[in-house]
file query.txt (compact mmCIF, C-alpha atoms and all ligand atoms)
# COMPACT_ATOMS: atom_id res chain seq x y z
CA MET A 220 74.13 80.62 -85.47
CA THR A 221 75.35 77.17 -86.54
CA LYS A 222 78.73 77.50 -88.25
CA LYS A 223 79.31 75.58 -91.47
CA ILE A 224 82.70 73.89 -91.61
CA VAL A 225 83.83 72.11 -94.77
CA THR A 226 86.32 69.31 -94.12
CA LEU A 227 88.79 68.12 -96.75
CA ALA A 228 90.55 65.02 -95.44
CA GLY A 229 92.52 64.28 -98.61
CA ASP A 230 95.18 61.60 -98.84
CA GLY A 231 97.78 59.61 -96.91
CA ILE A 232 97.57 60.45 -93.20
CA GLY A 233 94.95 63.13 -94.06
CA PRO A 234 91.85 61.09 -93.12
CA GLU A 235 93.49 59.86 -89.88
CA ILE A 236 94.49 63.29 -88.60
CA MET A 237 91.23 64.91 -89.77
CA ALA A 238 89.27 62.39 -87.69
CA ALA A 239 91.44 63.29 -84.68
CA GLY A 240 90.93 67.03 -85.20
CA LEU A 241 87.16 66.59 -85.48
CA GLN A 242 87.02 64.44 -82.32
CA VAL A 243 88.74 67.23 -80.41
CA LEU A 244 86.38 69.83 -81.91
CA GLU A 245 83.40 67.69 -80.90
CA ALA A 246 84.75 67.42 -77.36
CA VAL A 247 85.46 71.12 -76.91
CA ALA A 248 82.32 72.52 -78.59
CA PRO A 249 79.83 71.90 -75.73
CA LYS A 250 82.26 73.47 -73.24
CA ILE A 251 82.12 76.77 -75.14
CA ASN A 252 78.56 76.47 -76.55
CA PHE A 253 79.94 76.37 -80.08
CA GLU A 254 77.39 75.12 -82.60
CA TYR A 255 78.61 73.81 -85.90
CA GLU A 256 77.98 71.32 -88.65
CA THR A 257 80.60 69.69 -90.86
CA LYS A 258 80.42 68.73 -94.52
CA ALA A 259 83.10 66.34 -95.77
CA ARG A 260 84.10 66.85 -99.40
CA ASN A 261 86.43 65.04 -101.81
CA PHE A 262 89.74 66.73 -102.43
CA GLY A 263 93.21 65.90 -103.74
CA GLY A 264 94.08 62.37 -104.79
CA ALA A 265 90.90 61.06 -103.19
CA ALA A 266 88.93 63.35 -105.53
CA ILE A 267 90.98 62.24 -108.54
CA ASP A 268 89.99 58.67 -107.69
CA ALA A 269 86.32 59.58 -107.19
CA ASP A 270 85.74 62.36 -109.73
CA GLY A 271 88.80 62.55 -111.98
CA HIS A 272 89.85 65.99 -110.70
CA PRO A 273 91.56 67.06 -107.43
CA LEU A 274 89.21 70.02 -106.90
CA PRO A 275 85.68 68.99 -108.00
CA ASP A 276 83.17 71.81 -108.64
CA GLU A 277 81.05 70.63 -105.72
CA THR A 278 84.02 70.82 -103.34
CA LEU A 279 84.90 74.34 -104.47
CA ALA A 280 81.28 75.50 -104.22
CA SER A 281 80.93 74.06 -100.70
CA ALA A 282 84.21 75.65 -99.63
CA LYS A 283 83.14 79.03 -100.99
CA SER A 284 79.83 78.97 -99.12
CA SER A 285 81.30 77.73 -95.81
CA ASP A 286 82.24 79.68 -92.69
CA ALA A 287 85.64 77.94 -92.49
CA ILE A 288 87.53 75.09 -94.12
CA LEU A 289 89.61 72.41 -92.44
CA LEU A 290 92.11 70.65 -94.70
CA ALA A 291 94.31 67.74 -93.61
CA ALA A 292 96.77 66.85 -96.41
CA ILE A 293 96.90 65.80 -100.05
CA GLY A 294 99.30 64.06 -102.41
CA GLY A 295 101.13 60.80 -102.73
CA PRO A 296 103.51 58.93 -105.02
CA GLN A 297 100.68 57.13 -106.82
CA TYR A 298 99.64 60.47 -108.33
CA ASN A 299 103.09 61.54 -109.54
CA ASP A 300 102.15 60.90 -113.16
CA ALA A 301 98.51 62.01 -112.91
CA GLU A 302 97.39 64.40 -115.63
CA VAL A 303 96.40 66.89 -112.93
CA ARG A 304 98.18 66.23 -109.63
CA PRO A 305 96.55 66.60 -106.18
CA GLU A 306 98.87 69.55 -105.47
CA GLN A 307 97.29 71.41 -108.40
CA GLY A 308 93.92 71.15 -106.64
CA LEU A 309 95.40 72.73 -103.53
CA LEU A 310 96.85 75.63 -105.52
CA GLU A 311 93.53 76.13 -107.33
CA LEU A 312 91.63 76.13 -104.05
CA ARG A 313 93.96 78.76 -102.56
CA LYS A 314 93.67 80.92 -105.69
CA GLU A 315 89.89 80.55 -106.05
CA LEU A 316 89.32 81.53 -102.42
CA GLY A 317 91.92 84.31 -102.56
CA LEU A 318 93.81 82.87 -99.58
CA PHE A 319 96.83 85.13 -99.93
CA ALA A 320 97.91 85.27 -96.27
CA ASN A 321 99.30 82.06 -94.84
CA ILE A 322 100.14 82.26 -91.14
CA ARG A 323 102.50 79.59 -89.81
CA PRO A 324 103.24 80.03 -86.09
CA VAL A 325 106.42 78.56 -84.63
CA GLN A 326 106.42 78.07 -80.90
CA ILE A 327 107.89 75.40 -78.74
CA PHE A 328 105.74 73.74 -76.15
CA GLU A 329 107.46 73.50 -72.79
CA ALA A 330 107.38 69.71 -73.00
CA LEU A 331 109.08 69.67 -76.39
CA LYS A 332 112.10 71.67 -75.33
CA HIS A 333 114.18 68.67 -74.44
CA LEU A 334 113.07 66.87 -77.61
CA SER A 335 114.35 69.49 -80.04
CA PRO A 336 117.47 68.42 -81.93
CA LEU A 337 118.86 71.86 -81.08
CA LYS A 338 120.51 72.86 -77.80
CA ALA A 339 118.15 74.09 -75.08
CA GLU A 340 119.77 77.54 -74.96
CA ILE A 341 119.20 78.03 -78.69
CA ILE A 342 115.47 77.34 -78.59
CA GLU A 343 114.83 79.23 -75.35
CA GLY A 344 112.25 81.98 -76.02
CA VAL A 345 111.45 80.91 -79.58
CA ASP A 346 108.08 82.34 -80.60
CA PHE A 347 107.72 83.64 -84.13
CA VAL A 348 105.27 83.57 -87.01
CA VAL A 349 106.06 82.96 -90.66
CA VAL A 350 103.73 85.01 -92.87
CA ARG A 351 103.86 83.41 -96.30
CA GLU A 352 102.38 85.01 -99.43
CA LEU A 353 100.22 82.20 -100.82
CA THR A 354 98.54 83.16 -104.10
CA GLY A 355 101.34 84.71 -106.14
CA GLY A 356 104.96 84.33 -107.12
CA ILE A 357 106.56 81.49 -108.99
CA TYR A 358 103.79 79.06 -108.04
CA PHE A 359 101.31 80.97 -110.17
CA GLY A 360 103.47 82.49 -112.93
CA GLU A 361 103.70 81.02 -116.41
CA HIS A 362 105.03 77.45 -116.50
CA SER A 363 106.24 75.65 -119.60
CA LEU A 364 108.04 72.38 -120.05
CA ASN A 365 109.39 70.33 -122.90
CA LYS A 366 112.29 67.92 -123.15
CA GLN A 367 114.83 70.65 -123.92
CA PHE A 368 113.64 73.58 -121.87
CA ALA A 369 111.58 74.54 -118.85
CA ARG A 370 110.37 77.86 -117.52
CA ASP A 371 108.70 79.09 -114.32
CA VAL A 372 107.98 82.79 -114.11
CA ASN A 373 108.04 84.67 -110.80
CA ASP A 374 105.62 87.62 -110.87
CA TYR A 375 104.66 89.99 -108.06
CA SER A 376 102.65 93.19 -108.34
CA TYR A 377 102.98 96.11 -105.92
CA GLU A 378 99.49 95.37 -104.55
CA GLU A 379 100.20 91.68 -103.94
CA ILE A 380 103.32 92.56 -101.96
CA GLU A 381 101.70 95.42 -100.10
CA ARG A 382 98.76 93.43 -98.74
CA ILE A 383 100.90 90.61 -97.35
CA ILE A 384 103.40 93.04 -95.82
CA ARG A 385 100.49 94.81 -94.12
CA VAL A 386 99.29 91.51 -92.68
CA ALA A 387 102.76 90.98 -91.23
CA PHE A 388 102.89 94.47 -89.69
CA ASP A 389 99.40 94.10 -88.23
CA ILE A 390 100.39 90.81 -86.60
CA ALA A 391 103.68 92.26 -85.33
CA ARG A 392 101.83 95.20 -83.81
CA GLY A 393 99.89 92.75 -81.64
CA ARG A 394 103.02 90.94 -80.43
CA GLY A 395 106.80 91.59 -80.55
CA LYS A 396 106.68 94.66 -82.85
CA LYS A 397 109.36 93.42 -85.22
CA VAL A 398 109.05 92.39 -88.88
CA THR A 399 111.82 90.55 -90.72
CA SER A 400 111.16 90.82 -94.45
CA VAL A 401 112.93 88.06 -96.34
CA ASP A 402 113.95 88.32 -99.99
CA LYS A 403 116.77 87.76 -102.49
CA GLN A 404 117.17 91.42 -103.29
CA ASN A 405 120.81 91.02 -104.37
CA VAL A 406 119.60 89.04 -107.43
CA LEU A 407 115.85 89.08 -108.10
CA ALA A 408 113.76 91.92 -109.52
CA THR A 409 110.70 90.73 -107.58
CA SER A 410 112.76 90.98 -104.41
CA LYS A 411 113.93 94.50 -105.25
CA LEU A 412 110.28 95.56 -105.52
CA TRP A 413 109.46 93.56 -102.37
CA ARG A 414 112.01 95.59 -100.37
CA ILE A 415 110.76 98.93 -101.71
CA VAL A 416 107.17 98.05 -100.80
CA ALA A 417 108.17 96.83 -97.34
CA GLU A 418 109.92 100.17 -96.69
CA GLU A 419 106.85 102.12 -97.83
CA VAL A 420 104.40 100.10 -95.75
CA ALA A 421 106.69 100.44 -92.72
CA LYS A 422 106.07 104.22 -92.72
CA ASP A 423 102.51 103.48 -91.57
CA TYR A 424 103.82 101.46 -88.61
CA PRO A 425 106.34 103.65 -86.77
CA ASP A 426 105.88 101.49 -83.67
CA VAL A 427 107.09 98.36 -85.49
CA GLN A 428 110.73 97.71 -86.35
CA LEU A 429 111.47 96.52 -89.91
CA GLU A 430 114.58 94.58 -90.83
CA HIS A 431 115.44 93.01 -94.18
CA ALA A 432 117.21 89.69 -94.60
CA LEU A 433 118.44 87.72 -97.57
CA VAL A 434 116.83 84.32 -97.70
CA ASP A 435 120.05 82.29 -97.77
CA SER A 436 121.53 83.70 -94.59
CA LEU A 437 118.11 83.88 -92.95
CA ALA A 438 117.79 80.12 -93.46
CA MET A 439 120.92 79.76 -91.33
CA LYS A 440 119.92 82.34 -88.68
CA MET A 441 116.51 80.73 -88.20
CA ILE A 442 118.35 77.75 -86.74
CA THR A 443 121.28 79.45 -84.99
CA ASN A 444 119.38 82.45 -83.51
CA PRO A 445 115.68 81.57 -83.72
CA SER A 446 114.67 83.67 -80.71
CA ASP A 447 115.67 86.84 -82.64
CA PHE A 448 112.52 86.66 -84.75
CA ASP A 449 108.97 87.88 -84.20
CA VAL A 450 107.23 88.03 -87.59
CA ILE A 451 108.95 86.79 -90.74
CA VAL A 452 107.25 87.78 -94.00
CA THR A 453 108.21 86.42 -97.37
CA GLU A 454 107.11 85.33 -100.82
CA ASN A 455 105.38 82.07 -101.62
CA LEU A 456 108.33 79.78 -102.44
CA PHE A 457 110.69 81.09 -99.74
CA GLY A 458 107.87 80.79 -97.19
CA ASP A 459 107.22 77.19 -98.16
CA ILE A 460 110.85 76.23 -97.63
CA LEU A 461 111.52 78.32 -94.51
CA SER A 462 108.40 77.10 -92.73
CA ASP A 463 109.34 73.43 -93.17
CA GLU A 464 112.82 74.35 -91.93
CA SER A 465 111.28 75.97 -88.85
CA SER A 466 109.82 72.59 -87.83
CA VAL A 467 113.33 71.57 -86.81
CA LEU A 468 112.93 73.88 -83.80
CA PRO A 469 110.14 71.86 -82.14
CA GLY A 470 111.65 68.75 -83.73
CA THR A 471 108.83 67.58 -86.02
CA LEU A 472 106.48 68.76 -88.75
CA GLY A 473 103.76 66.90 -86.86
CA VAL A 474 103.01 69.82 -84.52
CA MET A 475 102.86 72.67 -87.06
CA PRO A 476 99.44 74.22 -87.87
CA SER A 477 98.55 77.08 -90.20
CA ALA A 478 95.80 79.50 -91.14
CA SER A 479 95.20 81.00 -94.58
CA HIS A 480 93.13 84.16 -94.91
CA ALA A 481 91.56 86.02 -97.83
CA GLN A 482 90.47 89.65 -98.04
CA ASN A 483 86.87 88.40 -97.90
CA GLY A 484 85.31 85.02 -97.41
CA PRO A 485 86.17 81.89 -95.44
CA SER A 486 89.62 81.07 -94.08
CA LEU A 487 91.28 77.70 -94.40
CA TYR A 488 93.19 75.85 -91.65
CA GLU A 489 95.69 73.09 -92.37
CA PRO A 490 98.87 71.53 -91.06
CA ILE A 491 101.95 72.77 -92.90
CA HIS A 492 103.10 69.22 -93.66
CA GLY A 493 101.99 66.85 -96.37
CA SER A 494 100.31 63.46 -96.56
CA ALA A 495 103.32 61.60 -95.06
CA PRO A 496 102.97 58.56 -97.36
CA ASP A 497 105.78 56.83 -95.43
CA ILE A 498 103.54 56.43 -92.35
CA ALA A 499 100.04 56.58 -93.87
CA GLY A 500 97.61 53.96 -92.59
CA LEU A 501 99.83 52.92 -89.68
CA GLY A 502 97.90 54.93 -87.07
CA ILE A 503 101.11 56.54 -85.79
CA ALA A 504 100.90 60.03 -87.32
CA ASN A 505 101.04 62.94 -84.92
CA PRO A 506 97.56 64.58 -84.89
CA ILE A 507 98.72 67.76 -83.10
CA SER A 508 99.27 69.75 -86.33
CA MET A 509 95.60 69.17 -87.23
CA ILE A 510 94.33 69.68 -83.68
CA LEU A 511 96.17 73.01 -83.40
CA SER A 512 94.75 73.99 -86.81
CA VAL A 513 91.29 73.44 -85.28
CA ALA A 514 92.33 75.74 -82.40
CA MET A 515 93.46 78.40 -84.89
CA MET A 516 90.10 78.09 -86.65
CA LEU A 517 88.18 78.62 -83.41
CA ARG A 518 90.23 81.70 -82.58
CA GLU A 519 90.67 83.33 -85.98
CA SER A 520 87.38 82.52 -87.77
CA PHE A 521 84.98 82.36 -84.84
CA GLY A 522 86.52 84.50 -82.10
CA GLU A 523 86.38 81.48 -79.76
CA THR A 524 89.54 82.37 -77.85
CA THR A 525 88.60 80.28 -74.84
CA GLY A 526 88.03 77.13 -76.88
CA ALA A 527 91.31 77.62 -78.70
CA GLN A 528 93.11 78.05 -75.39
CA TYR A 529 91.46 74.90 -73.97
CA ILE A 530 92.83 72.90 -76.91
CA GLU A 531 96.31 74.41 -76.71
CA ASP A 532 96.49 73.81 -72.95
CA ALA A 533 95.34 70.20 -73.41
CA VAL A 534 98.02 69.63 -76.06
CA ASN A 535 100.68 71.07 -73.78
CA LYS A 536 99.54 68.98 -70.82
CA THR A 537 99.46 65.82 -72.93
CA LEU A 538 103.03 66.40 -74.07
CA LEU A 539 104.11 67.16 -70.48
CA ASP A 540 102.46 63.88 -69.44
CA GLY A 541 104.88 62.19 -71.84
CA VAL A 542 102.29 61.00 -74.35
CA LEU A 543 104.43 61.18 -77.49
CA THR A 544 103.99 59.83 -80.99
CA LYS A 545 106.86 58.24 -82.92
CA ASP A 546 108.02 61.49 -84.57
CA LEU A 547 108.57 62.83 -81.03
CA GLY A 548 110.52 59.75 -80.00
CA GLY A 549 107.63 58.03 -78.20
CA ASN A 550 105.38 55.10 -78.98
CA ALA A 551 101.86 56.50 -78.48
CA SER A 552 99.53 55.86 -81.38
CA LEU A 553 97.52 58.61 -83.06
CA ASP A 554 94.40 57.38 -81.21
CA GLU A 555 96.17 57.33 -77.85
CA MET A 556 97.48 60.84 -78.33
CA THR A 557 94.04 62.10 -79.44
CA SER A 558 92.26 60.48 -76.46
CA ALA A 559 94.82 61.89 -74.06
CA ILE A 560 94.30 65.40 -75.47
CA ILE A 561 90.52 65.06 -75.15
CA ASN A 562 90.87 63.81 -71.55
CA ASN A 563 93.08 66.79 -70.77
CA LEU A 564 90.56 69.39 -72.00
CA CYS A 565 89.73 71.77 -69.14
CA VAL A 566 91.46 69.79 -66.39
P1 LIG B 601 105.48 65.39 -95.77
O1 LIG B 601 105.30 66.67 -95.06
O2 LIG B 601 104.27 64.62 -96.13
O3 LIG B 601 106.41 64.44 -94.87
C1 LIG B 601 107.75 64.79 -94.53
C2 LIG B 601 108.21 63.94 -93.33
O4 LIG B 601 107.50 64.39 -92.16
C3 LIG B 601 107.87 62.45 -93.49
O5 LIG B 601 108.89 61.68 -92.93
C4 LIG B 601 106.59 62.30 -92.69
O6 LIG B 601 106.39 61.01 -92.15
C5 LIG B 601 106.78 63.33 -91.57
N1 LIG B 601 105.48 63.86 -91.10
C6 LIG B 601 104.70 64.77 -91.73
N2 LIG B 601 103.58 64.97 -91.03
C7 LIG B 601 103.65 64.17 -89.93
C8 LIG B 601 102.80 63.93 -88.82
N3 LIG B 601 101.62 64.58 -88.69
N4 LIG B 601 103.19 63.03 -87.90
C9 LIG B 601 104.36 62.41 -87.99
N5 LIG B 601 105.23 62.60 -89.01
C10 LIG B 601 104.87 63.46 -89.96
O7 LIG B 601 106.36 65.71 -97.06
P2 LIG B 601 106.70 64.80 -98.33
O8 LIG B 601 106.87 63.37 -97.93
O9 LIG B 601 107.79 65.51 -99.03
O10 LIG B 601 105.40 64.91 -99.24
C11 LIG B 601 104.39 63.90 -99.33
C12 LIG B 601 103.24 64.41 -100.19
O11 LIG B 601 102.54 65.46 -99.50
C13 LIG B 601 103.68 65.01 -101.53
O12 LIG B 601 102.75 64.56 -102.50
C14 LIG B 601 103.55 66.50 -101.32
O13 LIG B 601 103.30 67.21 -102.50
C15 LIG B 601 102.37 66.56 -100.39
N6 LIG B 601 102.27 67.77 -99.57
C16 LIG B 601 101.00 68.21 -99.31
C17 LIG B 601 100.81 69.28 -98.46
C18 LIG B 601 99.43 69.73 -98.15
O14 LIG B 601 98.50 68.96 -98.27
N7 LIG B 601 99.23 70.96 -97.70
C19 LIG B 601 101.92 69.90 -97.85
C20 LIG B 601 103.19 69.41 -98.14
C21 LIG B 601 103.37 68.33 -98.99
C1 LIG B 602 102.49 73.42 -98.41
C2 LIG B 602 102.78 72.41 -99.50
C3 LIG B 602 102.21 72.90 -100.83
C4 LIG B 602 102.95 74.18 -101.18
C5 LIG B 602 102.29 71.90 -101.99
C6 LIG B 602 101.67 70.58 -101.64
C7 LIG B 602 101.68 72.44 -103.24
O1 LIG B 602 104.14 72.13 -99.58
O2 LIG B 602 101.31 73.70 -98.15
O3 LIG B 602 103.43 73.89 -97.77
O4 LIG B 602 104.05 74.12 -101.76
O5 LIG B 602 102.41 75.24 -100.91
MN MN B 603 105.28 72.99 -97.96

call {"tool": "encode", "arguments": {"input": "query.txt", "output": "structure tokens", "more": "lines below"}}
Ligand code: NAD
Ligand code: IPM
Ligand code: MN
result
Amino acid sequence: MTKKIVTLAGDGIGPEIMAAGLQVLEAVAPKINFEYETKARNFGGAAIDADGHPLPDETLASAKSSDAILLAAIGGPQYNDAEVRPEQGLLELRKELGLFANIRPVQIFEALKHLSPLKAEIIEGVDFVVVRELTGGIYFGEHSLNKQFARDVNDYSYEEIERIIRVAFDIARGRGKKVTSVDKQNVLATSKLWRIVAEEVAKDYPDVQLEHALVDSLAMKMITNPSDFDVIVTENLFGDILSDESSVLPGTLGVMPSASHAQNGPSLYEPIHGSAPDIAGLGIANPISMILSVAMMLRESFGETTGAQYIEDAVNKTLLDGVLTKDLGGNASLDEMTSAIINNLCV
């Protein structure tokens, strides 16, 4: 049956990289007999400009009734003083769709090894996944602000922690069988509960090793000993920060995709980076983060493992061929990189 994919291009480099991702999807679809239709909807700053709100009702309704959602990026300095910022639309979308499980894989393509700012021996064997809780924590607690005082509340219930820890254990079971649960248990009450829940869930997974780490030292170990990790699971804010940090391993945010899953309903696929206002409109953004998000969608929403593999192989080959955008130290444009990836599909 024809799959319904809602596309949210958003702001900054969003429309450029979305176009690239959709070109690759169009090229791979006939090779795997994948039938789909796309619906583009306003979102983020673009929706503020068009409709006055970053998440219009029509966009939310389309997203809810889709089979999967592709999102490029939102935000930009022109919206810093907006009554409702583009980022608020993204948080509302995640909450409305119940997208609590954000999966951010960190692997280093063979061709990128010599481009990493880290020594080759440090990044050898790096292959881990950051599992970020996405609909709770300090992002969604009470916020208040006046000129004298500000407050952001960090709440987590047992159930919210349990379900994300289970996602991490399930993923670990299918790969390296190790979960690193990251918290700030020496200070925060939410982290004390987090650790208790992680221990309880671990009893159901005797085949998977659980270790705990404090977020400050883990931030250091992720860079000094990155090959030690298999699945890292953590709360919303820590996961946001650690996943951007992990992009130092391949050397750029421009190659980092993600998937966000709910208990029921459509999943959403998006790069982990933002709208990159500093390079928007120049045609030099790296489209790989979006293209690999398309691959994750094919695999995780539609079971199209072969199509996902075709895309990943084409990306690897393109990088090995030395087609590199500016963030990777090259001078290929976004269009050149996208065409090269399409030409490398199934060769
Ligand atoms: P950013 O991730 O947009 O950019 C950080 C740096 O990485 C910039 O130098 C940028 O040029 C570079 N970069 C990011 N993606 C790239 C790509 N595909 N190719 C090449 N270089 C790339 O972070 P920022 O500048 O702090 O934030 C800009 C805006 O994006 C803010 O409004 C922020 O709130 C928003 N944001 C949105 C999302 C999202 O849509 N999911 C995620 C993060 C940030
Ligand atoms: C991300 C982004 C968002 C987040 C912002 C734009 C709200 O940084 O997807 O990582 O903090 O979750
Ligand atoms: Mn982020």

call {"tool": "atom_distance", "arguments": {"input": "query.txt", "atom1": "CA of Glu235 (chain A)", "atom2": "CA of Ala291 (chain A)"}}
result
8.8 Å

call {"tool": "residues_near_ligand", "arguments": {"input": "query.txt", "ligand": "ligand LIG 602 (chain B)", "cutoff": "6 Å", "atoms": "only C-alpha atoms and all ligand atoms", "output": "VMD selection string"}}
result
chain A and resid 306 459 491

call {"tool": "atom_distance", "arguments": {"input": "query.txt", "atom1": "CA of Gln326 (chain A)", "atom2": "CA of Pro496 (chain A)"}}
result
25.8 Å

call {"tool": "residues_near_ligand", "arguments": {"input": "query.txt", "ligand": "ligand MN 603 (chain B)", "cutoff": "10 Å", "atoms": "all atoms listed in the file", "output": "ChimeraX atom specification"}}
result
/A:455-464,490-493

call {"tool": "residues_near_ligand", "arguments": {"input": "query.txt", "ligand": "ligand LIG 601 (chain B)", "cutoff": "6 Å", "atoms": "all atoms listed in the file", "output": "list in words"}}
result
Ala292, Ile293, Gly294, Gly295, Glu306, Leu472, Gly473, Ile491, His492, Gly493, Ser494, Ala495, Pro496, Asp497, Ile498, Ala504, Asn505, Pro506 and Asp546 of chain A

call {"tool": "write_last_selection", "arguments": {"input": "query.txt", "atoms": "C-alpha atoms", "output": "CSV table (one decimal), in the frame of the given file"}}
result
chain,number,residue,atom,x,y,z
A,292,ALA,CA,96.8,66.8,-96.4
A,293,ILE,CA,96.9,65.8,-100.0
A,294,GLY,CA,99.3,64.1,-102.4
A,295,GLY,CA,101.1,60.8,-102.7
A,306,GLU,CA,98.9,69.6,-105.5
A,472,LEU,CA,106.5,68.8,-88.8
A,473,GLY,CA,103.8,66.9,-86.9
A,491,ILE,CA,102.0,72.8,-92.9
A,492,HIS,CA,103.1,69.2,-93.7
A,493,GLY,CA,102.0,66.8,-96.4
A,494,SER,CA,100.3,63.5,-96.6
A,495,ALA,CA,103.3,61.6,-95.1
A,496,PRO,CA,103.0,58.6,-97.4
A,497,ASP,CA,105.8,56.8,-95.4
A,498,ILE,CA,103.5,56.4,-92.4
A,504,ALA,CA,100.9,60.0,-87.3
A,505,ASN,CA,101.0,62.9,-84.9
A,506,PRO,CA,97.6,64.6,-84.9
A,546,ASP,CA,108.0,61.5,-84.6

call {"tool": "atom_distance", "arguments": {"input": "query.txt", "atom1": "CA of Gly264 (chain A)", "atom2": "CA of Ile232 (chain A)"}}
result
12.3 Å

call {"tool": "closest_atom_pairs", "arguments": {"input": "query.txt", "of": "region 418-485 of chain A", "to": "region 270-283 of chain A", "cutoff": "12 Å", "atoms": "all atoms listed in the file", "output": "JSON lines"}}
result
{"residue": "A:Ala481", "atom": "CA", "partner": "A:Lys283", "partner_atom": "CA", "distance": 11.4}
{"residue": "A:Asn483", "atom": "CA", "partner": "A:Lys283", "partner_atom": "CA", "distance": 10.5}
{"residue": "A:Gly484", "atom": "CA", "partner": "A:Lys283", "partner_atom": "CA", "distance": 7.3}
{"residue": "A:Pro485", "atom": "CA", "partner": "A:Lys283", "partner_atom": "CA", "distance": 6.9}

call {"tool": "closest_residue", "arguments": {"input": "query.txt", "among": "A:Glu311, A:Ser410, A:Ala387, A:Val474", "to": "Asp374 (chain A)", "atoms": "only C-alpha atoms"}}
result
A:Ser410

call {"tool": "closest_residue", "arguments": {"input": "query.txt", "among": "A:Val372, A:Val450, A:Leu353, A:Ala559", "to": "Val401 (chain A)", "atoms": "all atoms listed in the file"}}
result
A:Val450

call {"tool": "closest_residue", "arguments": {"input": "query.txt", "among": "A:Thr354, A:Val534, A:Lys545, A:Ala438", "to": "Ser558 (chain A)", "atoms": "all atoms listed in the file"}}
result
A:Val534

call {"tool": "axis_aligned_box", "arguments": {"input": "query.txt", "around": "region 538-556 of chain A", "padding_each_side": "8 Å", "output": "lines of an AutoDock Vina configuration file"}}
result
center_x = 102.5
center_y = 61.1
center_z = -77.0
size_x = 32.1
size_y = 28.1
size_z = 31.1

call {"tool": "build_atoms", "arguments": {"input": "query.txt", "residues": "region 241-256 of chain A", "atoms": "N, CA and C atoms", "output": "mmCIF file, in the frame of the given file"}}
result
data_model
loop_
_atom_site.group_PDB
_atom_site.id
_atom_site.type_symbol
_atom_site.label_atom_id
_atom_site.label_comp_id
_atom_site.auth_asym_id
_atom_site.auth_seq_id
_atom_site.Cartn_x
_atom_site.Cartn_y
_atom_site.Cartn_z
ATOM 1 N N LEU A 241 88.612 66.447 -85.653
ATOM 2 C CA LEU A 241 87.160 66.590 -85.480
ATOM 3 C C LEU A 241 86.695 66.017 -84.147
ATOM 4 N N GLN A 242 87.374 64.970 -83.657
ATOM 5 C CA GLN A 242 87.020 64.440 -82.320
ATOM 6 C C GLN A 242 87.288 65.499 -81.245
ATOM 7 N N VAL A 243 88.412 66.192 -81.389
ATOM 8 C CA VAL A 243 88.740 67.230 -80.410
ATOM 9 C C VAL A 243 87.734 68.377 -80.508
ATOM 10 N N LEU A 244 87.368 68.764 -81.737
ATOM 11 C CA LEU A 244 86.380 69.830 -81.910
ATOM 12 C C LEU A 244 85.047 69.426 -81.255
ATOM 13 N N GLU A 245 84.654 68.182 -81.473
ATOM 14 C CA GLU A 245 83.400 67.690 -80.900
ATOM 15 C C GLU A 245 83.440 67.736 -79.369
ATOM 16 N N ALA A 246 84.622 67.445 -78.823
ATOM 17 C CA ALA A 246 84.750 67.420 -77.360
ATOM 18 C C ALA A 246 84.768 68.826 -76.761
ATOM 19 N N VAL A 247 85.337 69.768 -77.479
ATOM 20 C CA VAL A 247 85.460 71.120 -76.910
ATOM 21 C C VAL A 247 84.195 71.942 -77.131
ATOM 22 N N ALA A 248 83.459 71.667 -78.203
ATOM 23 C CA ALA A 248 82.320 72.520 -78.590
ATOM 24 C C ALA A 248 81.308 72.736 -77.465
ATOM 25 N N PRO A 249 80.840 71.666 -76.779
ATOM 26 C CA PRO A 249 79.830 71.900 -75.730
ATOM 27 C C PRO A 249 80.374 72.742 -74.570
ATOM 28 N N LYS A 250 81.678 72.705 -74.359
ATOM 29 C CA LYS A 250 82.260 73.470 -73.240
ATOM 30 C C LYS A 250 82.227 74.968 -73.510
ATOM 31 N N ILE A 251 82.115 75.343 -74.789
ATOM 32 C CA ILE A 251 82.120 76.770 -75.140
ATOM 33 C C ILE A 251 80.821 77.166 -75.874
ATOM 34 N N ASN A 252 79.833 76.245 -75.850
ATOM 35 C CA ASN A 252 78.560 76.470 -76.550
ATOM 36 C C ASN A 252 78.774 76.836 -78.022
ATOM 37 N N PHE A 253 79.660 76.117 -78.664
ATOM 38 C CA PHE A 253 79.940 76.370 -80.080
ATOM 39 C C PHE A 253 79.115 75.401 -80.924
ATOM 40 N N GLU A 254 78.250 75.964 -81.768
ATOM 41 C CA GLU A 254 77.390 75.120 -82.600
ATOM 42 C C GLU A 254 77.900 75.113 -84.034
ATOM 43 N N TYR A 255 78.048 73.914 -84.553
ATOM 44 C CA TYR A 255 78.610 73.810 -85.900
ATOM 45 C C TYR A 255 78.095 72.557 -86.569
ATOM 46 N N GLU A 256 78.224 72.552 -87.904
ATOM 47 C CA GLU A 256 77.980 71.320 -88.650
ATOM 48 C C GLU A 256 79.137 71.152 -89.630
#
